[in-house]
Amino acid sequence: MAKSSKSQKTERQKLIEETLKKQRTAEKKRGNAIVLVAVAIAVVIIGVATYPMARGAFEESKYEDDALSEIGAAASTCQDVVEKAGSDVGSHVDEPQQVTYDAAPPAYGAHWNAIGAPAPFEDKFYDADDRPELEQLVHNLEHGYTILWYDETIADDATQLGQIRAIANKFKESGDAKNYRNKFIAAPWLDSDEDGARFPDGQHVAFTHWKGTTEESTGVWQYCGDVSGAALETFMDTYPYTDAPEATII
């Protein structure tokens with residue numbers, strides 16, 4: 001006996017509903033898969049971005065109880081110290097006028113003398129996101145600071161960047177009293193489009209200091225292939241803040 005039209009309609013409806021259900025299930029699975037892939041990609045991106053920071057913090061903490069001279073490579077990683085006749089003691093330009101420095105990095109030169117210069121005594125470490133302008137940092141040099149500059153190779157190396165952070169921590173202070181022997185700053189030397197020439201080949205760290213008087217001064221440089229707390233300690237003992245043109249000013 002032939003099925004009634006009503007029965008046939010019911011079966012067609014069931015078939016349509018089952019087909020639609022299968023389609024919705026398949027679409028839901030595809031949607032979930034897309035979400036999972038997106039989440040996985042986000043996790044990877046976040047992980048890549050935060051890994052160097054986390055690794056650097058771990059490396060930094062390793063040296064908490066070590067002496068400055070025990071951080072990083074031996075002093076032999078550094079070249080001989082270079083001294084060059086300086087100029088522009090007390091030579092101030094108005095902020096935000098930029099100064100072109102011949103050396104990479106500068107150890108002396110014209111600089112800002114307005115509000116915000118020099119960089120604060122309390123801040124010992126800078127990265128590419130918060131580094132003061134060169135004109136500020138040269139002002140710090142005039143006041144007796146030693147600056148440890150590091151290039152992009154060091155910035156991308158979690159171990160050595162952690163060592164620089166650990167070195168900077170050795171010069172931090174608590175309380176209101178200031179020990180001028182801690183006139184130290186670690187700062188990045190940015191790429192050639194930002195700061196100028198690059199360090200000499202194979203050198204990724206540089207120490208600079210400005211010594212002398214208001215009448216006669218000298219710029220001092222030392223380049224290193226790797227981070228060396230031992231070399232920095234010797235450099236700062238040889239060129240203390242007291243020999244700077246304006247040593248008594250923060």
# chains A, B, ... in the order shown; residues from 1 in each chain; ligands from 1
call {"tool": "residues_around", "arguments": {"residues": "Asn169 (chain A)", "least_positions_apart": "6", "cutoff": "9 Å", "atoms": "only C-alpha atoms", "output": "list in words"}}
result
Glu60, Glu64, Lys124 and Phe125 of chain A
call {"tool": "write_last_selection", "arguments": {"atoms": "N, CA and C atoms", "output": "PDB file, in the first residue's frame"}}
result
ATOM      1  N   GLU A  60      68.817  37.844  35.741  1.00  0.00           N
ATOM      2  CA  GLU A  60      69.117  38.949  36.653  1.00  0.00           C
ATOM      3  C   GLU A  60      69.181  38.479  38.096  1.00  0.00           C
ATOM      4  N   GLU A  64      72.181  38.130  42.215  1.00  0.00           N
ATOM      5  CA  GLU A  64      71.808  38.989  43.334  1.00  0.00           C
ATOM      6  C   GLU A  64      72.874  39.021  44.426  1.00  0.00           C
ATOM      7  N   LYS A 124      68.788  53.499  36.933  1.00  0.00           N
ATOM      8  CA  LYS A 124      70.075  52.904  36.573  1.00  0.00           C
ATOM      9  C   LYS A 124      70.028  52.079  35.294  1.00  0.00           C
ATOM     10  N   PHE A 125      68.842  51.682  34.871  1.00  0.00           N
ATOM     11  CA  PHE A 125      68.737  50.843  33.679  1.00  0.00           C
ATOM     12  C   PHE A 125      67.629  51.356  32.770  1.00  0.00           C
TER      13      PHE A 125
END
call {"tool": "residues_around", "arguments": {"residues": "Gly109 (chain A)", "least_positions_apart": "5", "cutoff": "9 Å", "atoms": "only C-alpha atoms", "output": "PyMOL selection string"}}
result
chain A and resi 86-89+91+99+101+135+138-139+142
call {"tool": "write_last_selection", "arguments": {"atoms": "all heavy atoms", "output": "compact mmCIF listing (two decimals), in the first residue's frame"}}
result
# COMPACT_ATOMS: atom_id res chain seq x y z
N GLY A 86 88.28 66.21 24.72
CA GLY A 86 86.86 66.53 24.69
C GLY A 86 86.61 68.02 24.48
O GLY A 86 87.54 68.84 24.41
N SER A 87 85.34 68.35 24.40
CA SER A 87 84.94 69.75 24.22
C SER A 87 83.51 69.93 24.70
O SER A 87 82.83 68.97 25.05
CB SER A 87 85.04 70.15 22.74
OG SER A 87 84.15 69.37 21.96
N ASP A 88 83.08 71.18 24.71
CA ASP A 88 81.67 71.54 24.99
C ASP A 88 81.27 71.38 26.44
O ASP A 88 80.09 71.17 26.74
CB ASP A 88 80.72 70.73 24.11
CG ASP A 88 80.86 71.09 22.64
OD1 ASP A 88 80.79 72.28 22.33
OD2 ASP A 88 81.05 70.17 21.83
N VAL A 89 82.21 71.47 27.38
CA VAL A 89 81.82 71.52 28.79
C VAL A 89 80.96 72.76 29.00
O VAL A 89 81.34 73.88 28.61
CB VAL A 89 83.04 71.56 29.72
CG1 VAL A 89 82.61 71.78 31.16
CG2 VAL A 89 83.85 70.27 29.59
N SER A 91 78.37 73.50 27.44
CA SER A 91 77.76 73.93 26.17
C SER A 91 76.35 73.36 26.08
O SER A 91 76.16 72.17 25.83
CB SER A 91 78.60 73.45 24.98
OG SER A 91 78.01 73.84 23.76
N VAL A 99 71.37 67.02 18.87
CA VAL A 99 72.79 67.19 18.64
C VAL A 99 73.31 65.97 17.89
O VAL A 99 72.96 64.83 18.23
CB VAL A 99 73.56 67.35 19.97
CG1 VAL A 99 75.06 67.45 19.70
CG2 VAL A 99 73.06 68.56 20.74
N TYR A 101 76.28 63.60 17.29
CA TYR A 101 77.54 63.23 17.93
C TYR A 101 78.38 62.39 16.97
O TYR A 101 77.87 61.49 16.30
CB TYR A 101 77.28 62.45 19.22
CG TYR A 101 76.53 63.27 20.26
CD1 TYR A 101 75.16 63.09 20.47
CD2 TYR A 101 77.18 64.24 21.01
CE1 TYR A 101 74.47 63.84 21.40
CE2 TYR A 101 76.49 65.00 21.95
CZ TYR A 101 75.14 64.80 22.15
OH TYR A 101 74.46 65.55 23.08
N GLU A 135 70.99 63.68 24.33
CA GLU A 135 71.36 64.98 24.88
C GLU A 135 71.23 65.03 26.40
O GLU A 135 71.93 65.80 27.06
CB GLU A 135 70.49 66.08 24.24
CG GLU A 135 70.75 66.30 22.76
CD GLU A 135 70.09 65.26 21.87
OE1 GLU A 135 69.28 64.45 22.38
OE2 GLU A 135 70.37 65.25 20.65
N VAL A 138 74.33 62.70 27.77
CA VAL A 138 75.62 63.39 27.72
C VAL A 138 75.73 64.38 28.88
O VAL A 138 76.82 64.58 29.44
CB VAL A 138 75.81 64.10 26.36
CG1 VAL A 138 77.04 64.99 26.37
CG2 VAL A 138 75.93 63.06 25.25
N HIS A 139 74.62 64.96 29.26
CA HIS A 139 74.62 65.84 30.44
C HIS A 139 75.01 65.03 31.69
O HIS A 139 75.75 65.51 32.55
CB HIS A 139 73.24 66.46 30.61
CG HIS A 139 73.23 67.66 31.51
ND1 HIS A 139 72.11 68.44 31.68
CD2 HIS A 139 74.18 68.23 32.30
CE1 HIS A 139 72.36 69.41 32.52
NE2 HIS A 139 73.62 69.31 32.92
N GLU A 142 78.71 64.67 31.82
CA GLU A 142 79.37 65.89 32.29
C GLU A 142 79.40 65.95 33.82
O GLU A 142 80.31 66.53 34.42
CB GLU A 142 78.64 67.12 31.73
CG GLU A 142 79.32 68.44 32.06
CD GLU A 142 78.51 69.62 31.56
OE1 GLU A 142 77.29 69.67 31.86
OE2 GLU A 142 79.07 70.49 30.89
call {"tool": "residues_around", "arguments": {"residues": "Gln163 (chain A)", "least_positions_apart": "5", "cutoff": "7 Å", "atoms": "only C-alpha atoms", "output": "ChimeraX atom specification"}}
result
/A:59-60,71-72
call {"tool": "residues_around", "arguments": {"residues": "Tyr150 (chain A)", "least_positions_apart": "5", "cutoff": "7 Å", "atoms": "only C-alpha atoms", "output": "PyMOL selection string"}}
result
chain A and resi 187-189+204-206
call {"tool": "select_by_dssp", "arguments": {"residues": "region 26-180 of chain A", "states": "alpha helix (DSSP H)", "output": "VMD selection string"}}
result
chain A and resid 26 to 62 134 to 142 152 to 155 158 to 169
call {"tool": "write_last_selection", "arguments": {"atoms": "C-alpha atoms", "output": "short mmCIF file (atom, residue, chain, number, x, y, z; two decimals), in the first residue's frame"}}
result
data_model
loop_
_atom_site.label_atom_id
_atom_site.label_comp_id
_atom_site.auth_asym_id
_atom_site.auth_seq_id
_atom_site.Cartn_x
_atom_site.Cartn_y
_atom_site.Cartn_z
CA ALA A 26 29.90 20.21 11.35
CA GLU A 27 29.90 24.02 11.35
CA LYS A 28 30.23 24.07 15.13
CA LYS A 29 33.21 21.72 14.97
CA ARG A 30 34.82 23.89 12.32
CA GLY A 31 34.18 26.97 14.44
CA ASN A 32 35.68 25.34 17.50
CA ALA A 33 38.71 24.26 15.50
CA ILE A 34 39.23 27.81 14.26
CA VAL A 35 38.97 29.15 17.82
CA LEU A 36 41.46 26.56 19.08
CA VAL A 37 43.93 27.41 16.33
CA ALA A 38 43.55 31.13 17.05
CA VAL A 39 44.10 30.54 20.76
CA ALA A 40 47.14 28.40 20.03
CA ILE A 41 48.61 31.09 17.80
CA ALA A 42 47.95 33.75 20.45
CA VAL A 43 49.64 31.63 23.10
CA VAL A 44 52.69 31.20 20.88
CA ILE A 45 52.86 34.93 20.12
CA ILE A 46 52.52 35.87 23.78
CA GLY A 47 55.04 33.25 24.74
CA VAL A 48 57.58 34.49 22.21
CA ALA A 49 57.08 38.07 23.38
CA THR A 50 57.33 37.36 27.09
CA TYR A 51 59.99 34.66 27.07
CA PRO A 52 62.97 37.02 26.76
CA MET A 53 61.55 39.18 29.55
CA ALA A 54 60.99 36.19 31.83
CA ARG A 55 64.38 34.73 30.93
CA GLY A 56 66.05 38.08 31.56
CA ALA A 57 64.43 38.38 34.98
CA PHE A 58 65.64 34.88 35.82
CA GLU A 59 69.18 35.69 34.69
CA GLU A 60 69.12 38.95 36.65
CA SER A 61 68.15 37.17 39.87
CA LYS A 62 71.05 34.73 39.54
CA LEU A 134 71.25 61.28 24.00
CA GLU A 135 71.36 64.98 24.88
CA GLN A 136 70.20 64.12 28.39
CA LEU A 137 72.67 61.29 28.85
CA VAL A 138 75.62 63.39 27.72
CA HIS A 139 74.62 65.84 30.44
CA ASN A 140 74.91 62.94 32.91
CA LEU A 141 78.42 62.27 31.60
CA GLU A 142 79.37 65.89 32.29
CA GLU A 152 70.79 45.25 19.74
CA THR A 153 72.80 42.03 19.93
CA ILE A 154 72.86 42.29 23.73
CA ALA A 155 69.24 43.47 23.88
CA ALA A 158 68.33 37.25 27.48
CA THR A 159 71.42 36.05 29.35
CA GLN A 160 73.55 39.12 28.73
CA LEU A 161 70.66 41.55 29.13
CA GLY A 162 69.96 39.91 32.50
CA GLN A 163 73.61 40.46 33.41
CA ILE A 164 73.35 44.17 32.60
CA ARG A 165 70.21 44.46 34.70
CA ALA A 166 72.03 42.72 37.55
CA ILE A 167 74.96 45.13 37.17
CA ALA A 168 72.58 48.12 37.26
CA ASN A 169 71.07 46.76 40.46
#
call {"tool": "atom_distance", "arguments": {"atom1": "CA of Trp112 (chain A)", "atom2": "CA of Gly90 (chain A)"}}
result
9.7 Å
call {"tool": "select_by_dssp", "arguments": {"residues": "region 54-201 of chain A", "states": "strand (DSSP E or B)", "output": "list in words"}}
result
Gly72, Cys78, Val82, Glu83, Lys84, Ala85, His92, Val93, His111, Trp112, Phe125, Thr146, Ile147, Leu148, Trp149, Tyr150, Phe184, Ile185, Ala186, Ala187 and Pro188 of chain A
call {"tool": "atom_distance", "arguments": {"atom1": "CA of Ser69 (chain A)", "atom2": "CA of Phe235 (chain A)"}}
result
11.3 Å
call {"tool": "residues_around", "arguments": {"residues": "Lys183 (chain A)", "least_positions_apart": "6", "cutoff": "7 Å", "atoms": "only C-alpha atoms", "output": "PyMOL selection string"}}
result
chain A and resi 121+144-146+241
call {"tool": "write_last_selection", "arguments": {"atoms": "C-alpha atoms", "output": "compact mmCIF listing (two decimals), in the first residue's frame"}}
result
# COMPACT_ATOMS: atom_id res chain seq x y z
CA PHE A 121 70.08 59.64 39.59
CA GLY A 144 80.53 62.29 36.42
CA TYR A 145 78.39 59.35 35.35
CA THR A 146 79.74 56.26 33.68
CA TYR A 241 82.86 60.53 39.23
call {"tool": "atom_distance", "arguments": {"atom1": "CA of Val81 (chain A)", "atom2": "CA of Gly202 (chain A)"}}
result
16.0 Å
call {"tool": "closest_residue", "arguments": {"among": "A:Ala114, A:Tyr239, A:Arg181, A:Glu83", "to": "Gln97 (chain A)", "atoms": "only C-alpha atoms"}}
result
A:Ala114
call {"tool": "closest_residue", "arguments": {"among": "A:Arg24, A:Thr10, A:Asp195, A:Asp157", "to": "Gln98 (chain A)", "atoms": "only C-alpha atoms"}}
result
A:Asp195
